[in-house]
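Engineer: Have a peek at input.txt (compact mmCIF, C-alpha atoms).
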# COMPACT_ATOMS: atom_id res chain seq x y z
CA MET A 104 -0.14 86.87 68.51
CA ASP A 105 -3.38 85.43 67.08
CA LEU A 106 -5.06 82.23 68.30
CA LEU A 107 -6.57 80.05 65.58
CA LEU A 108 -9.07 77.29 66.25
CA LEU A 109 -8.88 74.68 63.51
CA ARG A 110 -11.73 72.34 62.39
CA ARG A 111 -11.43 68.95 60.72
CA VAL A 112 -10.28 69.31 57.12
CA ASN A 113 -7.01 68.39 55.45
CA LEU A 114 -4.46 70.83 56.90
CA GLN A 115 -2.18 70.94 53.87
CA SER A 116 -5.07 71.77 51.54
CA HIS A 117 -6.09 74.95 53.36
CA PRO A 118 -5.42 77.95 51.05
CA LEU A 119 -4.18 80.17 53.90
CA PHE A 120 -1.95 77.58 55.54
CA SER A 121 1.32 78.69 53.95
CA GLN A 122 0.61 82.32 54.86
CA LEU A 123 -0.21 81.45 58.44
CA LEU A 124 3.09 79.64 58.85
CA GLN A 125 4.91 82.91 58.14
CA LYS A 126 3.19 84.68 61.05
CA SER A 127 3.44 84.28 64.78
CA THR A 128 0.27 82.26 65.11
CA LEU A 129 -0.98 79.76 67.67
CA PHE A 130 -2.81 76.69 66.37
CA PHE A 131 -5.33 74.73 68.45
CA LEU A 132 -4.99 71.23 67.03
CA HIS A 133 -7.49 68.37 67.30
CA ASN A 134 -6.36 64.87 66.44
CA SER A 135 -8.21 61.58 65.93
CA SER A 136 -7.80 60.54 69.57
CA ASN A 137 -9.64 63.67 70.76
CA LYS A 138 -6.52 65.14 72.37
CA HIS A 139 -5.77 68.83 71.94
CA THR A 140 -2.48 70.74 71.75
CA ILE A 141 -1.58 74.38 71.31
CA VAL A 142 1.53 75.01 69.24
CA SER A 143 3.00 78.05 67.51
CA SER A 144 3.52 78.20 63.75
CA PRO A 145 7.32 77.59 63.88
CA ILE A 146 6.70 74.38 65.83
CA LEU A 147 3.86 73.43 63.51
CA SER A 148 6.05 73.91 60.46
CA THR A 149 8.44 71.27 61.71
CA GLN A 150 5.79 68.68 62.46
CA LYS A 151 4.46 66.05 60.14
CA GLN A 152 1.33 67.55 58.63
CA ARG A 153 -0.24 64.51 57.04
CA ASN A 154 -2.61 63.45 59.86
CA LEU A 155 -3.55 66.83 61.27
CA SER A 156 -7.12 68.05 61.11
CA PHE A 157 -8.68 71.35 61.99
CA VAL A 158 -11.58 73.80 62.07
CA LYS A 159 -11.91 77.07 60.25
CA ALA A 160 -9.95 79.93 61.74
CA LEU A 161 -11.64 82.05 64.34
CA SER A 162 -10.34 85.58 64.82
CA THR A 163 -11.55 88.15 67.34
CA GLU A 164 -14.43 88.94 64.97
CA ALA A 165 -15.28 85.25 64.45
CA GLU A 166 -18.58 83.49 64.95
CA ALA A 167 -19.72 82.43 68.44
CA PRO A 168 -19.05 78.85 69.52
CA ALA A 169 -21.68 76.39 68.25
CA ASN A 170 -24.55 75.58 70.62
CA MET A 171 -24.32 71.82 71.05
CA VAL A 172 -26.91 69.39 72.38
CA LYS A 173 -27.09 65.61 72.56
CA ALA A 174 -29.18 63.67 70.05
CA ILE A 175 -29.60 60.24 68.51
CA ARG A 176 -28.24 60.15 64.94
CA VAL A 177 -28.57 57.55 62.18
CA HIS A 178 -25.68 57.49 59.69
CA GLU A 179 -26.63 54.20 58.03
CA LEU A 180 -29.78 52.10 57.83
CA GLY A 181 -30.00 48.92 59.85
CA GLY A 182 -30.75 47.46 63.26
CA PRO A 183 -30.96 49.25 66.62
CA GLU A 184 -27.17 49.45 66.72
CA VAL A 185 -27.16 52.24 64.10
CA LEU A 186 -28.71 54.63 66.64
CA LYS A 187 -25.75 56.73 67.84
CA TRP A 188 -25.66 59.16 70.79
CA GLU A 189 -23.84 62.26 69.53
CA ASP A 190 -23.29 65.98 69.92
CA VAL A 191 -25.20 68.02 67.34
CA GLU A 192 -25.28 71.72 66.64
CA ILE A 193 -28.53 73.60 67.11
CA GLY A 194 -29.19 77.14 65.97
CA GLU A 195 -31.71 79.78 66.94
CA PRO A 196 -35.32 79.73 65.72
CA GLY A 197 -36.09 81.62 62.54
CA ASP A 198 -39.32 83.17 61.31
CA GLY A 199 -42.31 81.10 62.42
CA GLU A 200 -40.15 78.76 64.52
CA ILE A 201 -39.63 77.93 68.17
CA ARG A 202 -36.87 76.20 70.06
CA VAL A 203 -38.04 73.48 72.44
CA ARG A 204 -36.21 71.69 75.26
CA ASN A 205 -37.73 68.23 75.26
CA LYS A 206 -39.01 66.77 78.51
CA ALA A 207 -40.28 63.44 77.17
CA ILE A 208 -40.15 61.73 73.77
CA GLY A 209 -42.55 59.11 72.48
CA LEU A 210 -41.20 55.96 70.81
CA ASN A 211 -43.29 54.75 67.87
CA PHE A 212 -42.96 51.97 65.33
CA ILE A 213 -42.67 54.55 62.57
CA ASP A 214 -39.24 55.37 64.08
CA VAL A 215 -38.22 51.78 63.37
CA TYR A 216 -39.48 52.05 59.77
CA PHE A 217 -37.28 55.10 59.15
CA ARG A 218 -34.27 53.48 60.86
CA LYS A 219 -34.58 50.41 58.64
CA GLY A 220 -35.33 52.35 55.46
CA VAL A 221 -38.90 51.09 55.04
CA TYR A 222 -39.70 54.79 54.95
CA LYS A 223 -37.06 57.05 53.45
CA ALA A 224 -35.69 59.94 55.49
CA ALA A 225 -35.24 63.22 53.64
CA THR A 226 -31.56 63.45 54.62
CA MET A 227 -28.77 61.17 55.77
CA PRO A 228 -27.63 61.25 58.52
CA PHE A 229 -30.85 62.07 60.35
CA THR A 230 -32.32 62.32 63.82
CA PRO A 231 -35.38 60.04 64.22
CA GLY A 232 -38.47 60.65 66.31
CA MET A 233 -41.92 62.08 65.59
CA GLU A 234 -43.44 62.74 69.01
CA ALA A 235 -42.34 64.84 71.98
CA VAL A 236 -43.39 67.22 74.72
CA GLY A 237 -41.20 70.06 75.87
CA GLU A 238 -40.78 73.64 77.03
CA VAL A 239 -40.40 76.56 74.65
CA ILE A 240 -37.04 78.19 75.39
CA ALA A 241 -36.83 80.61 72.44
CA VAL A 242 -39.15 82.02 69.78
CA GLY A 243 -38.39 83.32 66.31
CA PRO A 244 -38.52 87.03 65.44
CA GLY A 245 -42.00 88.50 65.42
CA LEU A 246 -43.71 85.26 66.39
CA THR A 247 -47.01 85.56 68.25
CA GLY A 248 -49.11 82.90 69.93
CA ARG A 249 -46.18 81.13 71.56
CA LYS A 250 -43.88 82.36 74.31
CA VAL A 251 -40.91 81.18 76.32
CA GLY A 252 -42.06 78.86 79.08
CA ASP A 253 -45.01 77.35 77.20
CA LEU A 254 -45.40 73.57 77.39
CA VAL A 255 -46.13 72.17 73.94
CA GLY A 256 -46.40 68.82 72.23
CA TYR A 257 -46.10 67.67 68.65
CA ALA A 258 -46.68 64.54 66.61
CA GLY A 259 -45.69 63.87 63.02
CA ASN A 260 -43.45 66.04 60.89
CA PRO A 261 -40.82 67.34 61.08
CA MET A 262 -38.89 64.27 62.19
CA GLY A 263 -36.19 64.81 64.81
CA SER A 264 -37.57 64.44 68.35
CA TYR A 265 -34.76 62.14 69.56
CA ALA A 266 -32.83 65.16 70.83
CA GLU A 267 -32.42 67.19 73.99
CA GLU A 268 -33.57 70.27 72.08
CA GLN A 269 -35.01 70.93 68.62
CA ILE A 270 -36.25 73.68 66.34
CA LEU A 271 -39.91 73.30 65.34
CA PRO A 272 -42.39 75.22 63.18
CA ALA A 273 -44.71 76.95 65.64
CA ASN A 274 -47.77 75.87 63.64
CA LYS A 275 -46.89 72.18 64.15
CA VAL A 276 -47.09 72.20 67.94
CA VAL A 277 -50.15 72.13 70.18
CA PRO A 278 -50.44 73.65 73.65
CA LEU A 279 -50.31 71.09 76.43
CA PRO A 280 -53.15 71.28 78.98
CA PRO A 281 -51.71 71.87 82.47
CA SER A 282 -53.66 68.90 83.83
CA ILE A 283 -51.69 66.40 81.70
CA ASP A 284 -48.23 65.26 82.79
CA PRO A 285 -45.56 65.71 80.07
CA ILE A 286 -44.57 62.02 80.17
CA VAL A 287 -48.18 60.94 79.81
CA ALA A 288 -48.67 63.44 77.00
CA ALA A 289 -45.57 62.24 75.15
CA SER A 290 -46.89 58.69 75.39
CA ILE A 291 -50.31 59.49 73.95
CA ILE A 292 -50.18 62.42 71.49
CA LEU A 293 -49.19 60.59 68.31
CA LYS A 294 -50.83 57.31 69.31
CA GLY A 295 -54.00 59.01 70.49
CA MET A 296 -54.21 61.18 67.37
CA THR A 297 -53.75 58.04 65.29
CA ALA A 298 -56.60 56.37 67.15
CA GLN A 299 -58.75 59.48 66.62
CA PHE A 300 -58.46 59.57 62.85
CA LEU A 301 -58.78 55.79 62.54
CA LEU A 302 -61.97 55.61 64.62
CA ARG A 303 -63.62 58.93 63.81
CA ARG A 304 -62.70 59.67 60.21
CA CYS A 305 -61.05 56.78 58.36
CA PHE A 306 -63.93 54.50 59.35
CA LYS A 307 -66.44 56.09 61.70
CA VAL A 308 -67.06 53.58 64.47
CA GLU A 309 -70.54 53.71 65.97
CA PRO A 310 -72.58 51.71 68.49
CA GLY A 311 -73.36 48.25 67.15
CA HIS A 312 -70.19 47.90 65.09
CA THR A 313 -67.85 44.96 65.68
CA ILE A 314 -64.17 45.71 65.14
CA LEU A 315 -60.94 43.69 65.12
CA VAL A 316 -57.77 45.31 66.48
CA HIS A 317 -54.41 43.60 66.01
CA ALA A 318 -51.65 44.27 68.57
CA ALA A 319 -54.41 45.33 70.95
CA ALA A 320 -52.00 45.91 73.85
CA GLY A 321 -49.56 47.96 71.78
CA GLY A 322 -48.91 51.69 71.70
CA VAL A 323 -51.78 52.47 69.29
CA GLY A 324 -53.83 49.35 70.00
CA SER A 325 -54.35 50.31 73.64
CA PRO A 326 -56.02 53.73 73.08
CA LEU A 327 -57.77 52.35 70.00
CA CYS A 328 -59.52 49.67 72.09
CA GLN A 329 -60.34 52.07 74.93
CA TRP A 330 -61.84 54.64 72.59
CA ALA A 331 -63.78 52.10 70.48
CA ASN A 332 -65.29 50.60 73.62
CA ALA A 333 -66.42 54.06 74.74
CA LEU A 334 -68.02 54.58 71.32
CA GLY A 335 -70.19 51.50 71.87
CA ALA A 336 -68.43 49.03 69.57
CA THR A 337 -67.79 45.36 70.28
CA VAL A 338 -64.01 45.08 70.35
CA ILE A 339 -62.05 41.96 69.43
CA GLY A 340 -58.31 42.19 70.04
CA THR A 341 -55.34 39.99 69.20
CA VAL A 342 -52.21 39.83 71.39
CA SER A 343 -49.13 37.63 71.69
CA THR A 344 -49.06 36.72 75.39
CA LYS A 345 -51.34 36.11 78.36
CA GLU A 346 -49.92 39.17 80.10
CA LYS A 347 -50.88 41.36 77.15
CA ALA A 348 -54.30 39.71 77.07
CA VAL A 349 -54.91 41.00 80.61
CA GLN A 350 -54.07 44.54 79.52
CA ALA A 351 -56.20 44.31 76.37
CA LYS A 352 -59.15 43.15 78.47
CA ASP A 353 -58.58 46.07 80.84
CA ASP A 354 -58.50 48.41 77.83
CA GLY A 355 -61.99 47.44 76.78
CA CYS A 356 -61.63 44.39 74.55
CA HIS A 357 -64.71 42.22 74.84
CA HIS A 358 -62.89 39.27 73.28
CA VAL A 359 -59.12 38.70 73.35
CA ILE A 360 -57.35 36.20 71.09
CA ILE A 361 -53.82 35.05 71.89
CA TYR A 362 -52.73 34.42 68.32
CA LYS A 363 -49.80 32.21 69.32
CA GLU A 364 -52.26 29.76 70.85
CA GLU A 365 -55.06 29.80 68.27
CA ASP A 366 -55.75 31.00 64.72
CA PHE A 367 -57.56 34.31 64.94
CA VAL A 368 -59.59 33.79 61.72
CA PRO A 369 -61.82 30.89 62.89
CA ARG A 370 -62.06 32.46 66.34
CA VAL A 371 -63.36 35.74 64.90
CA ASN A 372 -65.76 33.77 62.74
CA GLU A 373 -67.03 32.01 65.86
CA ILE A 374 -67.38 35.25 67.87
CA THR A 375 -69.35 36.93 65.07
CA SER A 376 -71.47 33.86 64.26
CA GLY A 377 -70.00 33.80 60.77
CA LYS A 378 -70.91 37.41 59.94
CA GLY A 379 -67.42 38.90 60.18
CA VAL A 380 -66.38 42.30 61.49
CA ASP A 381 -67.19 45.76 60.16
CA VAL A 382 -63.58 46.92 60.18
CA VAL A 383 -60.10 45.54 60.87
CA TYR A 384 -57.38 47.86 62.23
CA ASP A 385 -54.14 46.11 61.27
CA SER A 386 -50.75 47.49 62.25
CA VAL A 387 -48.97 44.12 61.99
CA GLY A 388 -48.92 43.76 58.21
CA LYS A 389 -47.47 40.70 56.53
CA ASP A 390 -48.34 38.10 59.19
CA THR A 391 -51.98 39.13 59.59
CA PHE A 392 -53.04 40.81 56.33
CA GLN A 393 -54.66 37.88 54.51
CA GLY A 394 -56.35 36.67 57.67
CA SER A 395 -57.66 40.17 58.29
CA LEU A 396 -59.33 40.23 54.88
CA ALA A 397 -60.95 36.88 55.65
CA CYS A 398 -62.44 38.27 58.89
CA LEU A 399 -64.35 41.09 57.19
CA LYS A 400 -68.06 41.07 56.52
CA ILE A 401 -69.53 42.13 53.18
CA ARG A 402 -68.54 45.75 52.43
CA GLY A 403 -66.15 45.66 55.37
CA TYR A 404 -63.18 48.03 55.76
CA MET A 405 -59.58 46.84 55.85
CA VAL A 406 -57.52 49.59 57.50
CA SER A 407 -53.83 48.71 57.20
CA PHE A 408 -51.90 51.37 59.15
CA GLY A 409 -48.61 49.61 59.89
CA GLN A 410 -46.36 46.66 59.11
CA SER A 411 -44.47 45.62 62.23
CA SER A 412 -44.04 42.08 60.83
CA GLY A 413 -43.11 43.27 57.34
CA THR A 414 -44.78 44.68 54.25
CA PRO A 415 -47.86 42.67 53.18
CA ASP A 416 -47.72 40.79 49.90
CA PRO A 417 -49.36 42.58 46.95
CA VAL A 418 -53.13 42.17 46.78
CA PRO A 419 -54.89 41.99 43.40
CA LEU A 420 -58.03 44.10 43.18
CA SER A 421 -59.95 40.95 42.34
CA ALA A 422 -59.32 39.69 45.89
CA LEU A 423 -61.58 42.46 47.19
CA ALA A 424 -64.42 41.70 44.81
CA PRO A 425 -66.14 38.68 46.43
CA LYS A 426 -67.22 40.78 49.45
CA SER A 427 -66.91 44.27 47.89
CA LEU A 428 -64.29 45.16 50.47
CA PHE A 429 -62.73 48.58 51.06
CA LEU A 430 -58.94 48.78 51.55
CA THR A 431 -57.02 51.82 52.76
CA ARG A 432 -53.46 52.54 53.92
CA PRO A 433 -53.85 55.81 55.89
CA SER A 434 -51.31 58.03 57.62
CA LEU A 435 -51.78 60.61 60.36
CA MET A 436 -50.00 63.27 58.29
CA GLN A 437 -52.76 63.16 55.66
CA TYR A 438 -55.42 63.59 58.34
CA THR A 439 -53.74 66.65 59.93
CA THR A 440 -52.92 68.60 56.78
CA ASN A 441 -53.78 71.99 58.24
CA ARG A 442 -53.75 73.77 61.60
CA ASP A 443 -57.49 73.34 62.20
CA GLU A 444 -57.33 69.56 61.68
CA LEU A 445 -54.29 69.33 63.96
CA LEU A 446 -55.89 71.27 66.80
CA GLU A 447 -59.20 69.41 66.48
CA THR A 448 -57.51 66.01 66.52
CA ALA A 449 -55.20 66.79 69.45
CA GLY A 450 -58.00 68.53 71.32
CA GLU A 451 -60.21 65.46 71.17
CA VAL A 452 -57.34 63.30 72.44
CA PHE A 453 -56.63 65.62 75.38
CA ALA A 454 -60.33 65.83 76.22
CA ASN A 455 -60.59 62.04 76.34
CA VAL A 456 -57.50 61.82 78.54
CA ALA A 457 -58.97 64.40 80.92
CA SER A 458 -62.33 62.59 81.05
CA GLY A 459 -60.76 59.19 81.64
CA VAL A 460 -61.84 57.64 78.34
CA LEU A 461 -58.14 57.28 77.44
CA ARG A 462 -55.67 55.97 80.02
CA ALA A 463 -52.04 56.02 79.02
CA HIS A 464 -50.00 52.94 79.91
CA VAL A 465 -46.43 54.23 80.20
CA ASN A 466 -45.09 50.77 80.88
CA HIS A 467 -41.50 51.46 79.84
CA THR A 468 -39.14 54.44 80.08
CA TYR A 469 -35.54 54.60 78.87
CA PRO A 470 -32.90 57.31 78.90
CA LEU A 471 -32.75 58.88 75.44
CA SER A 472 -29.13 57.74 75.21
CA GLN A 473 -30.41 54.13 75.36
CA ALA A 474 -32.78 54.47 72.42
CA ALA A 475 -31.10 51.50 70.74
CA GLN A 476 -32.14 49.21 73.59
CA ALA A 477 -35.67 50.61 73.50
CA HIS A 478 -35.89 49.87 69.76
CA ALA A 479 -34.61 46.33 70.30
CA ASP A 480 -37.19 45.66 73.02
CA LEU A 481 -40.01 47.13 70.94
CA GLU A 482 -39.16 45.02 67.89
CA SER A 483 -38.86 41.83 69.92
CA ARG A 484 -42.33 42.51 71.39
CA LYS A 485 -40.97 42.76 74.93
CA THR A 486 -42.92 45.98 75.47
CA SER A 487 -46.60 46.74 75.93
CA GLY A 488 -48.44 50.02 76.05
CA SER A 489 -46.31 53.11 75.50
CA VAL A 490 -42.54 53.56 75.57
CA VAL A 491 -41.12 56.96 76.48
CA LEU A 492 -37.53 58.21 76.11
CA LEU A 493 -36.27 60.71 78.67
CA PRO A 494 -33.53 63.24 77.71
Could you write out this file's structure as structure tokens?

Structural biologist:
Amino acid sequence: MDLLLLRRVNLQSHPLFSQLLQKSTLFFLHNSSNKHTIVSSPILSTQKQRNLSFVKALSTEAEAPANMVKAIRVHELGGPEVLKWEDVEIGEPGDGEIRVRNKAIGLNFIDVYFRKGVYKAATMPFTPGMEAVGEVIAVGPGLTGRKVGDLVGYAGNPMGSYAEEQILPANKVVPLPPSIDPIVAASIILKGMTAQFLLRRCFKVEPGHTILVHAAAGGVGSPLCQWANALGATVIGTVSTKEKAVQAKDDGCHHVIIYKEEDFVPRVNEITSGKGVDVVYDSVGKDTFQGSLACLKIRGYMVSFGQSSGTPDPVPLSALAPKSLFLTRPSLMQYTTNRDELLETAGEVFANVASGVLRAHVNHTYPLSQAAQAHADLESRKTSGSVVLLP
């Protein structure tokens, strides 16, 4: 007597169903209430078949059971409530790939953008997340340079870090220095690499420059201010609360503006004696964009790298002309286009963490299963510093 395991499809439509009923066959049935029953084909033939569902038949030569892990999945765009904790199937790594068991996962505002549809995911449903640290538990055939047991981190593509385990291209991960704790690393890799390309390549900050950083106590704002201070710049930061002002000051801001209490534009003008700043790093977007332009000096740089308050209104080129301003909308992925750039960027971040230039503020941790609550708190500005999800 054969045992058949049946997966969810319409039972009556299966081409082999009528033949199976003629044999002495056991069916493992799964119904909508997640209850399971084993019945033989004579019994099955007498039951109502309309609401039955099943999986493809597995004989003695059939495939091995699927390897399942837990992950956050998004089936529809929307608020934090669309983040669902589900079982997902994970395979084995192929050529050039590794399988990683995540130890800590960084939460970033780009995850919110994908969840809302501001940025479009390649597939639907999808698993969000673009930053994690974990242990290599399997390597693809013939792969060199990575081995089981290695601790690695990654930031950027491919998306999918909100999972207990994931398959990653080996050339997208970086080795984690043993001196850096995995939770600290997961809180700083993407944010620190973002700070690196913003300060060192997008606009090269040097001693004597004056810069304005919005959301100065945020995930990227915090390392951005620390690093800029170490580079010799005068750092002006904006924050929403007095508590965040304390952190921004601790992170190296020479001047902190609580924007809910005063307009940052005249305050920046006062601080700079009417000269304006060399560069604005703006991750807030709609609420701050026009004011940011007003704060720039002649030939200043407007670096818009996020839009937590919404997409800024369109800007005519003529608006840049009076001060010959530069405007850019950069992304980390375009500054780590090859392996050398990736290793150089991550290496500089890790070196600054080791030297104490960068201090990670892991102010909030959540179980991965509670990612929806973490998103809600991030969007409502209840968080400061870094947020880390723990599988």

Engineer: Which residues are close to Ala424 in chain A, i.e. within 12 Å by only C-alpha atoms, leaving aside same-chain residues fewer than 4 positions away? Reply as an MDAnalysis selection string.

Structural biologist: chainID A and resid 396 401:403 418:420 428:430

Engineer: With all atoms listed in the file as the counted atoms, please give the residues lying no more than 10 Å from Val287 in chain A, apart from itself and same-chain residues fewer than 5 positions off, as a ChimeraX atom specification.

Structural biologist: /A:207,209,236,292,456,462-465,489,491

Engineer: Have a look at A:Ile208, A:Val185, A:Leu461, A:Met262 and name the one nearest to Leu334 in chain A; count all atoms listed in the file.

Structural biologist: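 Closest residue, counting all atoms listed in the file: A:Leu461.
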
Engineer: Would you be able to write out as a PyMOL selection string which residues have an atom within 9 Å of (-66.2, 43.4, 61.5) in the file's coordinates, counting only C-alpha atoms?

Structural biologist: chain A and resi 312-315+371+375+378-383+398-400+403-404

Engineer: Hey, what's within 10 Å of Ala479 in chain A if we count all atoms listed in the file and toss same-chain stuff fewer than 4 positions away? As an NGL selection string, please?

Structural biologist: :A and (182-184 or 215 or 474-475 or 483-486)

Engineer: Output C-alpha atoms for every residue in the selection just made, as an mmCIF file, keeping the file's coordinate frame.

Structural biologist:
data_model
loop_
_atom_site.group_PDB
_atom_site.id
_atom_site.type_symbol
_atom_site.label_atom_id
_atom_site.label_comp_id
_atom_site.auth_asym_id
_atom_site.auth_seq_id
_atom_site.Cartn_x
_atom_site.Cartn_y
_atom_site.Cartn_z
ATOM 1 C CA GLY A 182 -30.750 47.460 63.260
ATOM 2 C CA PRO A 183 -30.960 49.250 66.620
ATOM 3 C CA GLU A 184 -27.170 49.450 66.720
ATOM 4 C CA VAL A 215 -38.220 51.780 63.370
ATOM 5 C CA ALA A 474 -32.780 54.470 72.420
ATOM 6 C CA ALA A 475 -31.100 51.500 70.740
ATOM 7 C CA SER A 483 -38.860 41.830 69.920
ATOM 8 C CA ARG A 484 -42.330 42.510 71.390
ATOM 9 C CA LYS A 485 -40.970 42.760 74.930
ATOM 10 C CA THR A 486 -42.920 45.980 75.470
#

Engineer: Pick out the closest residue to Pro196 in chain A from this set: A:Ser264, A:Val242, A:Arg218, A:Glu179. Count only C-alpha atoms.

Structural biologist: A:Val242
